[in-house]
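A.B. asks: Data: input-v7.pdb, PDB, C-alpha atoms.
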```
MODEL        1
ATOM      1  CA  MET Y   1     -18.006   7.141 -10.881  1.00  0.00           C
ATOM      2  CA  LEU Y   2     -14.874   6.464  -8.855  1.00  0.00           C
ATOM      3  CA  THR Y   3     -12.261   9.142  -8.186  1.00  0.00           C
ATOM      4  CA  VAL Y   4      -8.997   9.047  -6.254  1.00  0.00           C
ATOM      5  CA  ASP Y   5      -7.421  12.274  -4.973  1.00  0.00           C
ATOM      6  CA  PHE Y   6      -4.114  12.860  -3.214  1.00  0.00           C
ATOM      7  CA  HIS Y   7      -3.506  15.272  -0.349  1.00  0.00           C
ATOM      8  CA  SER Y   8      -0.743  16.253   2.042  1.00  0.00           C
ATOM      9  CA  PRO Y   9       0.325  13.433   4.388  1.00  0.00           C
ATOM     10  CA  ALA Y  10      -0.926  15.575   7.307  1.00  0.00           C
ATOM     11  CA  TYR Y  11      -4.409  16.055   5.807  1.00  0.00           C
ATOM     12  CA  TYR Y  12      -7.187  14.538   7.916  1.00  0.00           C
ATOM     13  CA  PRO Y  13     -10.501  14.247   6.048  1.00  0.00           C
ATOM     14  CA  ASP Y  14     -13.875  14.680   7.742  1.00  0.00           C
ATOM     15  CA  CYS Y  15     -14.687  11.034   6.963  1.00  0.00           C
ATOM     16  CA  GLY Y  16     -11.665   9.868   8.985  1.00  0.00           C
ATOM     17  CA  LEU Y  17      -8.966   7.424   7.935  1.00  0.00           C
ATOM     18  CA  ILE Y  18      -9.793   3.765   7.351  1.00  0.00           C
ATOM     19  CA  TYR Y  19      -6.928   2.215   5.384  1.00  0.00           C
ATOM     20  CA  VAL Y  20      -3.166   2.182   4.983  1.00  0.00           C
ATOM     21  CA  ILE Y  21      -1.548   1.099   1.725  1.00  0.00           C
ATOM     22  CA  ILE Y  22       2.169   0.527   1.386  1.00  0.00           C
ATOM     23  CA  GLY Y  23       4.135   0.750  -1.834  1.00  0.00           C
ATOM     24  CA  ALA Y  24       7.135  -1.342  -0.858  1.00  0.00           C
ATOM     25  CA  ARG Y  25      10.338  -2.085  -2.736  1.00  0.00           C
ATOM     26  CA  TYR Y  26      12.640  -5.037  -2.142  1.00  0.00           C
ATOM     27  CA  LEU Y  27      15.649  -6.015  -4.272  1.00  0.00           C
ATOM     28  CA  ASN Y  28      14.887  -3.049  -6.587  1.00  0.00           C
ATOM     29  CA  LYS Y  29      11.378  -4.360  -7.360  1.00  0.00           C
ATOM     30  CA  TRP Y  30       7.872  -3.496  -6.188  1.00  0.00           C
ATOM     31  CA  VAL Y  31       6.286  -5.940  -3.723  1.00  0.00           C
ATOM     32  CA  PHE Y  32       2.781  -7.260  -4.420  1.00  0.00           C
ATOM     33  CA  ILE Y  33       0.805  -9.714  -2.357  1.00  0.00           C
ATOM     34  CA  LYS Y  34      -1.920 -12.087  -3.517  1.00  0.00           C
ATOM     35  CA  HIS Y  35      -4.800 -12.072  -1.076  1.00  0.00           C
ATOM     36  CA  LYS Y  36      -6.466 -15.473  -0.581  1.00  0.00           C
ATOM     37  CA  GLN Y  37     -10.029 -14.113  -0.540  1.00  0.00           C
ATOM     38  CA  ARG Y  38      -9.719 -11.630  -3.395  1.00  0.00           C
ATOM     39  CA  LYS Y  39      -7.478 -13.808  -5.603  1.00  0.00           C
ATOM     40  CA  GLY Y  40      -5.790 -10.803  -7.202  1.00  0.00           C
ATOM     41  CA  TYR Y  41      -2.481  -9.079  -6.575  1.00  0.00           C
ATOM     42  CA  GLU Y  42      -2.359  -5.847  -4.627  1.00  0.00           C
ATOM     43  CA  LEU Y  43      -0.079  -3.566  -2.713  1.00  0.00           C
ATOM     44  CA  PRO Y  44       0.301  -4.523   0.968  1.00  0.00           C
ATOM     45  CA  ALA Y  45      -2.560  -2.828   2.820  1.00  0.00           C
ATOM     46  CA  GLY Y  46      -5.137  -3.071   5.546  1.00  0.00           C
ATOM     47  CA  HIS Y  47      -7.515  -1.430   7.949  1.00  0.00           C
ATOM     48  CA  ILE Y  48      -6.373   0.815  10.761  1.00  0.00           C
ATOM     49  CA  ASP Y  49      -7.307  -0.860  14.050  1.00  0.00           C
ATOM     50  CA  GLU Y  50      -9.153   1.080  16.731  1.00  0.00           C
ATOM     51  CA  GLY Y  51      -6.697   3.130  18.787  1.00  0.00           C
ATOM     52  CA  GLU Y  52      -3.892   2.551  16.277  1.00  0.00           C
ATOM     53  CA  ASP Y  53      -2.106   5.406  14.511  1.00  0.00           C
ATOM     54  CA  THR Y  54      -1.547   5.127  10.771  1.00  0.00           C
ATOM     55  CA  GLU Y  55       2.205   4.496  10.913  1.00  0.00           C
ATOM     56  CA  THR Y  56       1.746   1.661  13.400  1.00  0.00           C
ATOM     57  CA  ALA Y  57      -0.958   0.192  11.142  1.00  0.00           C
ATOM     58  CA  ALA Y  58       1.286   0.512   8.066  1.00  0.00           C
ATOM     59  CA  ARG Y  59       4.187  -1.196   9.848  1.00  0.00           C
ATOM     60  CA  ARG Y  60       1.924  -3.983  11.144  1.00  0.00           C
ATOM     61  CA  GLU Y  61       0.387  -4.633   7.730  1.00  0.00           C
ATOM     62  CA  LEU Y  62       3.747  -4.568   5.940  1.00  0.00           C
ATOM     63  CA  GLU Y  63       5.235  -7.054   8.407  1.00  0.00           C
ATOM     64  CA  GLU Y  64       2.173  -9.345   8.459  1.00  0.00           C
ATOM     65  CA  GLU Y  65       1.666  -9.432   4.706  1.00  0.00           C
ATOM     66  CA  THR Y  66       5.258  -9.510   3.434  1.00  0.00           C
ATOM     67  CA  GLY Y  67       7.369 -10.754   6.331  1.00  0.00           C
ATOM     68  CA  ALA Y  68       9.387  -7.497   6.221  1.00  0.00           C
ATOM     69  CA  LYS Y  69      11.927  -7.341   9.043  1.00  0.00           C
ATOM     70  CA  ASP Y  70      14.264  -4.407   8.408  1.00  0.00           C
ATOM     71  CA  TYR Y  71      12.834  -1.488   6.470  1.00  0.00           C
ATOM     72  CA  LYS Y  72      12.394   2.260   6.234  1.00  0.00           C
ATOM     73  CA  ILE Y  73       8.863   3.583   5.871  1.00  0.00           C
ATOM     74  CA  GLU Y  74       7.333   7.019   5.389  1.00  0.00           C
ATOM     75  CA  CYS Y  75       3.888   8.452   4.748  1.00  0.00           C
ATOM     76  CA  ILE Y  76       3.823  10.134   1.344  1.00  0.00           C
ATOM     77  CA  SER Y  77       0.141  11.073   1.016  1.00  0.00           C
ATOM     78  CA  THR Y  78      -3.333  10.966   2.419  1.00  0.00           C
ATOM     79  CA  TYR Y  79      -5.655   9.767  -0.334  1.00  0.00           C
ATOM     80  CA  THR Y  80      -9.412   9.896  -0.707  1.00  0.00           C
ATOM     81  CA  VAL Y  81     -11.621   7.629  -2.798  1.00  0.00           C
ATOM     82  CA  CYS Y  82     -15.070   8.858  -3.763  1.00  0.00           C
ATOM     83  CA  GLU Y  83     -17.543   6.346  -5.175  1.00  0.00           C
ATOM     84  CA  ASN Y  84     -21.282   6.985  -5.506  1.00  0.00           C
ATOM     85  CA  ASN Y  85     -20.893  10.127  -3.354  1.00  0.00           C
ATOM     86  CA  LYS Y  86     -19.345   8.088  -0.531  1.00  0.00           C
ATOM     87  CA  LEU Y  87     -15.917   9.265   0.615  1.00  0.00           C
ATOM     88  CA  ARG Y  88     -13.321   6.930   2.160  1.00  0.00           C
ATOM     89  CA  ALA Y  89      -9.760   7.809   3.019  1.00  0.00           C
ATOM     90  CA  GLY Y  90      -6.430   6.334   3.934  1.00  0.00           C
ATOM     91  CA  ARG Y  91      -2.740   6.998   4.062  1.00  0.00           C
ATOM     92  CA  LEU Y  92      -0.289   5.925   1.395  1.00  0.00           C
ATOM     93  CA  TYR Y  93       3.158   4.859   2.583  1.00  0.00           C
ATOM     94  CA  TYR Y  94       6.407   4.134   0.786  1.00  0.00           C
ATOM     95  CA  ALA Y  95       8.796   1.522   2.207  1.00  0.00           C
ATOM     96  CA  GLU Y  96      12.266   0.269   1.315  1.00  0.00           C
ATOM     97  CA  ILE Y  97      12.637  -3.282   2.639  1.00  0.00           C
ATOM     98  CA  GLU Y  98      16.123  -4.484   3.520  1.00  0.00           C
ATOM     99  CA  THR Y  99      15.235  -7.932   4.894  1.00  0.00           C
ATOM    100  CA  ILE Y 100      12.238 -10.226   4.471  1.00  0.00           C
ATOM    101  CA  GLY Y 101      11.807 -13.143   6.836  1.00  0.00           C
ATOM    102  CA  GLU Y 102       9.873 -16.354   6.357  1.00  0.00           C
ATOM    103  CA  GLU Y 103       6.940 -15.310   8.499  1.00  0.00           C
ATOM    104  CA  LYS Y 104       3.861 -13.908   6.793  1.00  0.00           C
ATOM    105  CA  ASP Y 105       0.154 -14.250   7.441  1.00  0.00           C
ATOM    106  CA  GLU Y 106      -0.521 -17.624   5.778  1.00  0.00           C
ATOM    107  CA  LYS Y 107      -4.272 -17.340   6.500  1.00  0.00           C
ATOM    108  CA  GLU Y 108      -4.571 -14.139   4.466  1.00  0.00           C
ATOM    109  CA  ILE Y 109      -1.677 -14.114   1.981  1.00  0.00           C
ATOM    110  CA  ASP Y 110      -1.422 -16.669  -0.819  1.00  0.00           C
ATOM    111  CA  ASP Y 111       1.671 -15.379  -2.615  1.00  0.00           C
ATOM    112  CA  ILE Y 112       4.195 -12.542  -2.790  1.00  0.00           C
ATOM    113  CA  ILE Y 113       5.755 -11.389  -6.044  1.00  0.00           C
ATOM    114  CA  LEU Y 114       8.383  -8.814  -6.937  1.00  0.00           C
ATOM    115  CA  SER Y 115       7.790  -6.839 -10.123  1.00  0.00           C
ATOM    116  CA  ASP Y 116       8.910  -3.785 -12.069  1.00  0.00           C
ATOM    117  CA  SER Y 117       5.300  -3.070 -13.034  1.00  0.00           C
ATOM    118  CA  LEU Y 118       1.718  -3.518 -11.950  1.00  0.00           C
ATOM    119  CA  PRO Y 119       0.550  -7.158 -12.278  1.00  0.00           C
ATOM    120  CA  SER Y 120      -2.292  -7.728 -14.731  1.00  0.00           C
ATOM    121  CA  MET Y 121      -4.407  -9.763 -12.292  1.00  0.00           C
ATOM    122  CA  LEU Y 122      -5.308  -7.126  -9.674  1.00  0.00           C
ATOM    123  CA  SER Y 123      -7.736  -6.692  -6.834  1.00  0.00           C
ATOM    124  CA  PHE Y 124      -9.385  -3.236  -6.941  1.00  0.00           C
ATOM    125  CA  HIS Y 125      -7.871  -2.569 -10.362  1.00  0.00           C
ATOM    126  CA  TYR Y 126      -8.664   1.134 -10.786  1.00  0.00           C
ATOM    127  CA  VAL Y 127      -7.646   2.242  -7.281  1.00  0.00           C
ATOM    128  CA  GLN Y 128      -4.502   0.078  -7.281  1.00  0.00           C
ATOM    129  CA  ALA Y 129      -3.490   1.451 -10.696  1.00  0.00           C
ATOM    130  CA  VAL Y 130      -3.916   5.084  -9.587  1.00  0.00           C
ATOM    131  CA  LEU Y 131      -2.036   4.517  -6.308  1.00  0.00           C
ATOM    132  CA  PHE Y 132       0.752   2.631  -8.085  1.00  0.00           C
ATOM    133  CA  ASP Y 133       1.122   5.451 -10.634  1.00  0.00           C
ATOM    134  CA  TYR Y 134       1.488   7.930  -7.762  1.00  0.00           C
ATOM    135  CA  LEU Y 135       4.069   5.669  -6.080  1.00  0.00           C
ATOM    136  CA  GLN Y 136       6.105   5.355  -9.282  1.00  0.00           C
ATOM    137  CA  LYS Y 137       6.166   9.134  -9.692  1.00  0.00           C
ATOM    138  CA  TYR Y 138       7.188   9.533  -6.053  1.00  0.00           C
ATOM    139  CA  PHE Y 139       9.922   6.889  -6.386  1.00  0.00           C
ATOM    140  CA  SER Y 140      11.277   8.492  -9.574  1.00  0.00           C
ATOM    141  CA  ASN Y 141      11.550  11.848  -7.846  1.00  0.00           C
ATOM    142  CA  GLN Y 142      13.304  10.278  -4.867  1.00  0.00           C
ATOM    143  CA  VAL Y 143      15.841   8.482  -7.037  1.00  0.00           C
ATOM    144  CA  ASN Y 144      16.370  11.342  -9.510  1.00  0.00           C
ATOM    145  CA  PRO Y 145      15.671  14.585  -7.636  1.00  0.00           C
ATOM    146  CA  GLY Y 146      14.434  17.369  -9.947  1.00  0.00           C
TER     147      GLY Y 146
ENDMDL
END
```
Let me see whether you can do it: turn the structure in this file into structure tokens.
C.D. replies:
Amino acid sequence: MLTVDFHSPAYYPDCGLIYVIIGARYLNKWVFIKHKQRKGYELPAGHIDEGEDTETAARRELEEETGAKDYKIECISTYTVCENNKLRAGRLYYAEIETIGEEKDEKEIDDIILSDSLPSMLSFHYVQAVLFDYLQKYFSNQVNPG
């Protein structure tokens, strides 16, 4: 069984942090990338390099995968994924992109789409769906404060 849990952005799990995932918006739409190896759409994301803090990793991945130039970014949650009693963790970021340039990682990224909703052809469907649901709830609260 696979479970995804959300924690405070400052939470640091015993298993450490491996990934950053960025829910990014551009032109009032969500940004999804199509990874060449996985062939499905996904939120911009990647591994945290050795010696790199999570915000630096999130900025690097967002720029490499989308070509983002001017943007605001913030960590909104630490998340954990438990599958077959193995725990992995990462940080979930939210970004508002002002400008996208032409440069993106052509070796890794096949396509970029803008959408109001989650694409049907996804990599890591369950995890992406849960993270996207959390991002939508976060975005709604930001736009229409309680």
A.B. asks: Find the distance between atom CA of Met121 of chain Y and atom CA of Leu43 of chain Y and write it in Å to one decimal.
C.D. replies: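 Atom-to-atom, atom CA of Met121 of chain Y to atom CA of Leu43 of chain Y, that is 12.2 Å.
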A.B. asks: Which neighbours of Ile33 of chain Y fall inside 10 Å, counting all atoms listed in the file, when residues of the same chain fewer than 3 positions from it are skipped, and could you give them as a list in words?
C.D. replies: Lys36, Lys39, Gly40, Tyr41, Glu42, Leu43, Pro44, Ala45, Glu65, Thr66, Glu108, Ile109, Asp110, Asp111, Ile112, Ile113, Leu114 and Leu122 of chain Y
A.B. asks: Have a look at atom CA of Gln128 of chain Y and atom CA of Ile21 of chain Y and let me know their distance in Å, one decimal.
C.D. replies: 9.5 Å
A.B. asks: At a cut-off of 7 Å, using only C-alpha atoms, what residues contact Tyr79 of chain Y? Leave out same-chain residues fewer than 6 positions from it and give the result as a list in words.
C.D. replies: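 Near neighbours after the sequence-gap exclusion: Val4, Asp5, Phe6, His7, Ala89, Gly90, Arg91 and Leu92 of chain Y.
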A.B. asks: Name the residues that the PyMOL selection byres ((chain Y and resi 52-62) around 10) picks from the file above, as a PDB file with C-alpha atoms, in the frame of the given file, using the file's chain letters and numbers.
C.D. replies:
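Heads up, here's the output in part37.pdb:
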```
ATOM      1  CA  LEU Y  17      -8.966   7.424   7.935  1.00  0.00           C
ATOM      2  CA  ILE Y  18      -9.793   3.765   7.351  1.00  0.00           C
ATOM      3  CA  TYR Y  19      -6.928   2.215   5.384  1.00  0.00           C
ATOM      4  CA  VAL Y  20      -3.166   2.182   4.983  1.00  0.00           C
ATOM      5  CA  ILE Y  21      -1.548   1.099   1.725  1.00  0.00           C
ATOM      6  CA  ILE Y  22       2.169   0.527   1.386  1.00  0.00           C
ATOM      7  CA  GLY Y  23       4.135   0.750  -1.834  1.00  0.00           C
ATOM      8  CA  ALA Y  24       7.135  -1.342  -0.858  1.00  0.00           C
ATOM      9  CA  LEU Y  43      -0.079  -3.566  -2.713  1.00  0.00           C
ATOM     10  CA  PRO Y  44       0.301  -4.523   0.968  1.00  0.00           C
ATOM     11  CA  ALA Y  45      -2.560  -2.828   2.820  1.00  0.00           C
ATOM     12  CA  GLY Y  46      -5.137  -3.071   5.546  1.00  0.00           C
ATOM     13  CA  HIS Y  47      -7.515  -1.430   7.949  1.00  0.00           C
ATOM     14  CA  ILE Y  48      -6.373   0.815  10.761  1.00  0.00           C
ATOM     15  CA  ASP Y  49      -7.307  -0.860  14.050  1.00  0.00           C
ATOM     16  CA  GLU Y  50      -9.153   1.080  16.731  1.00  0.00           C
ATOM     17  CA  GLY Y  51      -6.697   3.130  18.787  1.00  0.00           C
ATOM     18  CA  GLU Y  63       5.235  -7.054   8.407  1.00  0.00           C
ATOM     19  CA  GLU Y  64       2.173  -9.345   8.459  1.00  0.00           C
ATOM     20  CA  GLU Y  65       1.666  -9.432   4.706  1.00  0.00           C
ATOM     21  CA  THR Y  66       5.258  -9.510   3.434  1.00  0.00           C
ATOM     22  CA  GLY Y  67       7.369 -10.754   6.331  1.00  0.00           C
ATOM     23  CA  ALA Y  68       9.387  -7.497   6.221  1.00  0.00           C
ATOM     24  CA  LYS Y  69      11.927  -7.341   9.043  1.00  0.00           C
ATOM     25  CA  TYR Y  71      12.834  -1.488   6.470  1.00  0.00           C
ATOM     26  CA  LYS Y  72      12.394   2.260   6.234  1.00  0.00           C
ATOM     27  CA  ILE Y  73       8.863   3.583   5.871  1.00  0.00           C
ATOM     28  CA  GLU Y  74       7.333   7.019   5.389  1.00  0.00           C
ATOM     29  CA  CYS Y  75       3.888   8.452   4.748  1.00  0.00           C
ATOM     30  CA  GLY Y  90      -6.430   6.334   3.934  1.00  0.00           C
ATOM     31  CA  ARG Y  91      -2.740   6.998   4.062  1.00  0.00           C
ATOM     32  CA  LEU Y  92      -0.289   5.925   1.395  1.00  0.00           C
ATOM     33  CA  TYR Y  93       3.158   4.859   2.583  1.00  0.00           C
ATOM     34  CA  TYR Y  94       6.407   4.134   0.786  1.00  0.00           C
ATOM     35  CA  ALA Y  95       8.796   1.522   2.207  1.00  0.00           C
ATOM     36  CA  ILE Y  97      12.637  -3.282   2.639  1.00  0.00           C
ATOM     37  CA  LYS Y 104       3.861 -13.908   6.793  1.00  0.00           C
ATOM     38  CA  ASP Y 105       0.154 -14.250   7.441  1.00  0.00           C
TER      39      ASP Y 105
END
```
A.B. asks: For each of Y:Thr80, Y:Thr99, Y:Ser117, Y:Ser140, take the minimum atom-to-atom distance to Thr3 of chain Y, counting only C-alpha atoms, then give the residue where this is smallest.
C.D. replies: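 Once distances to Thr3 of chain Y are computed over only C-alpha atoms, the minimum belongs to Y:Thr80.
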A.B. asks: For atom CA of Val31 of chain Y and atom CA of Ser115 of chain Y, determine how far apart the two atoms are, in Å to one decimal place.
C.D. replies: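 For atom CA of Val31 of chain Y relative to atom CA of Ser115 of chain Y, the distance reads 6.6 Å.
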A.B. asks: Draw an axis-aligned box tight on the listed atoms of segment 66-75 of chain Y, then pad every side by 8 Å and write out centre and edge lengths in Å to one decimal as AutoDock Vina command-line options.
C.D. replies:
```
--center_x 9.1 --center_y -1.2 --center_z 6.2 --size_x 26.4 --size_y 35.2 --size_z 21.6
```
A.B. asks: Counting all atoms listed in the file, figure out which residue out of Y:Phe32, Y:Pro9, Y:Asp70, Y:Met1 gets nearest to Ser120 of chain Y.
C.D. replies: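 The answer is Y:Phe32, which sits nearest to Ser120 of chain Y.
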A.B. asks: Reconstruct segment 35-54 of chain Y at the level of N, CA, C and O atoms, and format the result as a PDB file, keeping the file's coordinate frame.
C.D. replies:
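After the write, rebuild.pdb holds the following:
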```pdb
ATOM      1  N   HIS Y  35      -3.893 -11.827  -2.193  1.00  0.00           N
ATOM      2  CA  HIS Y  35      -4.800 -12.072  -1.076  1.00  0.00           C
ATOM      3  C   HIS Y  35      -5.617 -13.331  -1.357  1.00  0.00           C
ATOM      4  O   HIS Y  35      -6.134 -13.508  -2.454  1.00  0.00           O
ATOM      5  N   LYS Y  36      -5.758 -14.200  -0.384  1.00  0.00           N
ATOM      6  CA  LYS Y  36      -6.466 -15.473  -0.581  1.00  0.00           C
ATOM      7  C   LYS Y  36      -7.940 -15.271  -0.917  1.00  0.00           C
ATOM      8  O   LYS Y  36      -8.481 -15.988  -1.747  1.00  0.00           O
ATOM      9  N   GLN Y  37      -8.601 -14.314  -0.277  1.00  0.00           N
ATOM     10  CA  GLN Y  37     -10.029 -14.113  -0.540  1.00  0.00           C
ATOM     11  C   GLN Y  37     -10.282 -13.411  -1.866  1.00  0.00           C
ATOM     12  O   GLN Y  37     -11.209 -13.745  -2.578  1.00  0.00           O
ATOM     13  N   ARG Y  38      -9.456 -12.429  -2.196  1.00  0.00           N
ATOM     14  CA  ARG Y  38      -9.719 -11.630  -3.395  1.00  0.00           C
ATOM     15  C   ARG Y  38      -9.078 -12.208  -4.648  1.00  0.00           C
ATOM     16  O   ARG Y  38      -9.423 -11.831  -5.752  1.00  0.00           O
ATOM     17  N   LYS Y  39      -8.110 -13.077  -4.501  1.00  0.00           N
ATOM     18  CA  LYS Y  39      -7.478 -13.808  -5.603  1.00  0.00           C
ATOM     19  C   LYS Y  39      -6.688 -12.946  -6.581  1.00  0.00           C
ATOM     20  O   LYS Y  39      -6.187 -13.442  -7.565  1.00  0.00           O
ATOM     21  N   GLY Y  40      -6.585 -11.649  -6.326  1.00  0.00           N
ATOM     22  CA  GLY Y  40      -5.790 -10.803  -7.202  1.00  0.00           C
ATOM     23  C   GLY Y  40      -4.584 -10.269  -6.451  1.00  0.00           C
ATOM     24  O   GLY Y  40      -4.502 -10.356  -5.227  1.00  0.00           O
ATOM     25  N   TYR Y  41      -3.650  -9.692  -7.191  1.00  0.00           N
ATOM     26  CA  TYR Y  41      -2.481  -9.079  -6.575  1.00  0.00           C
ATOM     27  C   TYR Y  41      -2.817  -7.658  -6.164  1.00  0.00           C
ATOM     28  O   TYR Y  41      -3.670  -7.002  -6.767  1.00  0.00           O
ATOM     29  N   GLU Y  42      -2.135  -7.196  -5.127  1.00  0.00           N
ATOM     30  CA  GLU Y  42      -2.359  -5.847  -4.627  1.00  0.00           C
ATOM     31  C   GLU Y  42      -1.152  -5.397  -3.823  1.00  0.00           C
ATOM     32  O   GLU Y  42      -0.311  -6.205  -3.441  1.00  0.00           O
ATOM     33  N   LEU Y  43      -1.097  -4.111  -3.601  1.00  0.00           N
ATOM     34  CA  LEU Y  43      -0.079  -3.566  -2.713  1.00  0.00           C
ATOM     35  C   LEU Y  43      -0.404  -3.996  -1.288  1.00  0.00           C
ATOM     36  O   LEU Y  43      -1.586  -4.152  -0.941  1.00  0.00           O
ATOM     37  N   PRO Y  44       0.592  -4.210  -0.436  1.00  0.00           N
ATOM     38  CA  PRO Y  44       0.301  -4.523   0.968  1.00  0.00           C
ATOM     39  C   PRO Y  44      -0.578  -3.415   1.564  1.00  0.00           C
ATOM     40  O   PRO Y  44      -0.334  -2.221   1.326  1.00  0.00           O
ATOM     41  N   ALA Y  45      -1.594  -3.813   2.309  1.00  0.00           N
ATOM     42  CA  ALA Y  45      -2.560  -2.828   2.820  1.00  0.00           C
ATOM     43  C   ALA Y  45      -3.423  -3.437   3.909  1.00  0.00           C
ATOM     44  O   ALA Y  45      -3.419  -4.645   4.114  1.00  0.00           O
ATOM     45  N   GLY Y  46      -4.185  -2.577   4.562  1.00  0.00           N
ATOM     46  CA  GLY Y  46      -5.137  -3.071   5.546  1.00  0.00           C
ATOM     47  C   GLY Y  46      -5.838  -1.957   6.282  1.00  0.00           C
ATOM     48  O   GLY Y  46      -5.572  -0.770   6.059  1.00  0.00           O
ATOM     49  N   HIS Y  47      -6.752  -2.366   7.134  1.00  0.00           N
ATOM     50  CA  HIS Y  47      -7.515  -1.430   7.949  1.00  0.00           C
ATOM     51  C   HIS Y  47      -6.684  -0.949   9.140  1.00  0.00           C
ATOM     52  O   HIS Y  47      -5.857  -1.691   9.655  1.00  0.00           O
ATOM     53  N   ILE Y  48      -6.972   0.254   9.552  1.00  0.00           N
ATOM     54  CA  ILE Y  48      -6.373   0.815  10.761  1.00  0.00           C
ATOM     55  C   ILE Y  48      -7.209   0.321  11.937  1.00  0.00           C
ATOM     56  O   ILE Y  48      -8.423   0.521  11.966  1.00  0.00           O
ATOM     57  N   ASP Y  49      -6.590  -0.353  12.885  1.00  0.00           N
ATOM     58  CA  ASP Y  49      -7.307  -0.860  14.050  1.00  0.00           C
ATOM     59  C   ASP Y  49      -7.673   0.284  14.992  1.00  0.00           C
ATOM     60  O   ASP Y  49      -6.994   1.316  15.030  1.00  0.00           O
ATOM     61  N   GLU Y  50      -8.716   0.072  15.760  1.00  0.00           N
ATOM     62  CA  GLU Y  50      -9.153   1.080  16.731  1.00  0.00           C
ATOM     63  C   GLU Y  50      -8.013   1.403  17.701  1.00  0.00           C
ATOM     64  O   GLU Y  50      -7.353   0.511  18.224  1.00  0.00           O
ATOM     65  N   GLY Y  51      -7.746   2.682  17.884  1.00  0.00           N
ATOM     66  CA  GLY Y  51      -6.697   3.130  18.787  1.00  0.00           C
ATOM     67  C   GLY Y  51      -5.297   3.092  18.183  1.00  0.00           C
ATOM     68  O   GLY Y  51      -4.325   3.431  18.856  1.00  0.00           O
ATOM     69  N   GLU Y  52      -5.184   2.696  16.939  1.00  0.00           N
ATOM     70  CA  GLU Y  52      -3.892   2.551  16.277  1.00  0.00           C
ATOM     71  C   GLU Y  52      -3.636   3.782  15.396  1.00  0.00           C
ATOM     72  O   GLU Y  52      -4.528   4.237  14.688  1.00  0.00           O
ATOM     73  N   ASP Y  53      -2.411   4.313  15.434  1.00  0.00           N
ATOM     74  CA  ASP Y  53      -2.106   5.406  14.511  1.00  0.00           C
ATOM     75  C   ASP Y  53      -1.740   4.809  13.157  1.00  0.00           C
ATOM     76  O   ASP Y  53      -1.493   3.611  13.028  1.00  0.00           O
ATOM     77  N   THR Y  54      -1.727   5.649  12.123  1.00  0.00           N
ATOM     78  CA  THR Y  54      -1.547   5.127  10.771  1.00  0.00           C
ATOM     79  C   THR Y  54      -0.166   4.513  10.543  1.00  0.00           C
ATOM     80  O   THR Y  54      -0.056   3.516   9.840  1.00  0.00           O
TER      81      THR Y  54
END
```
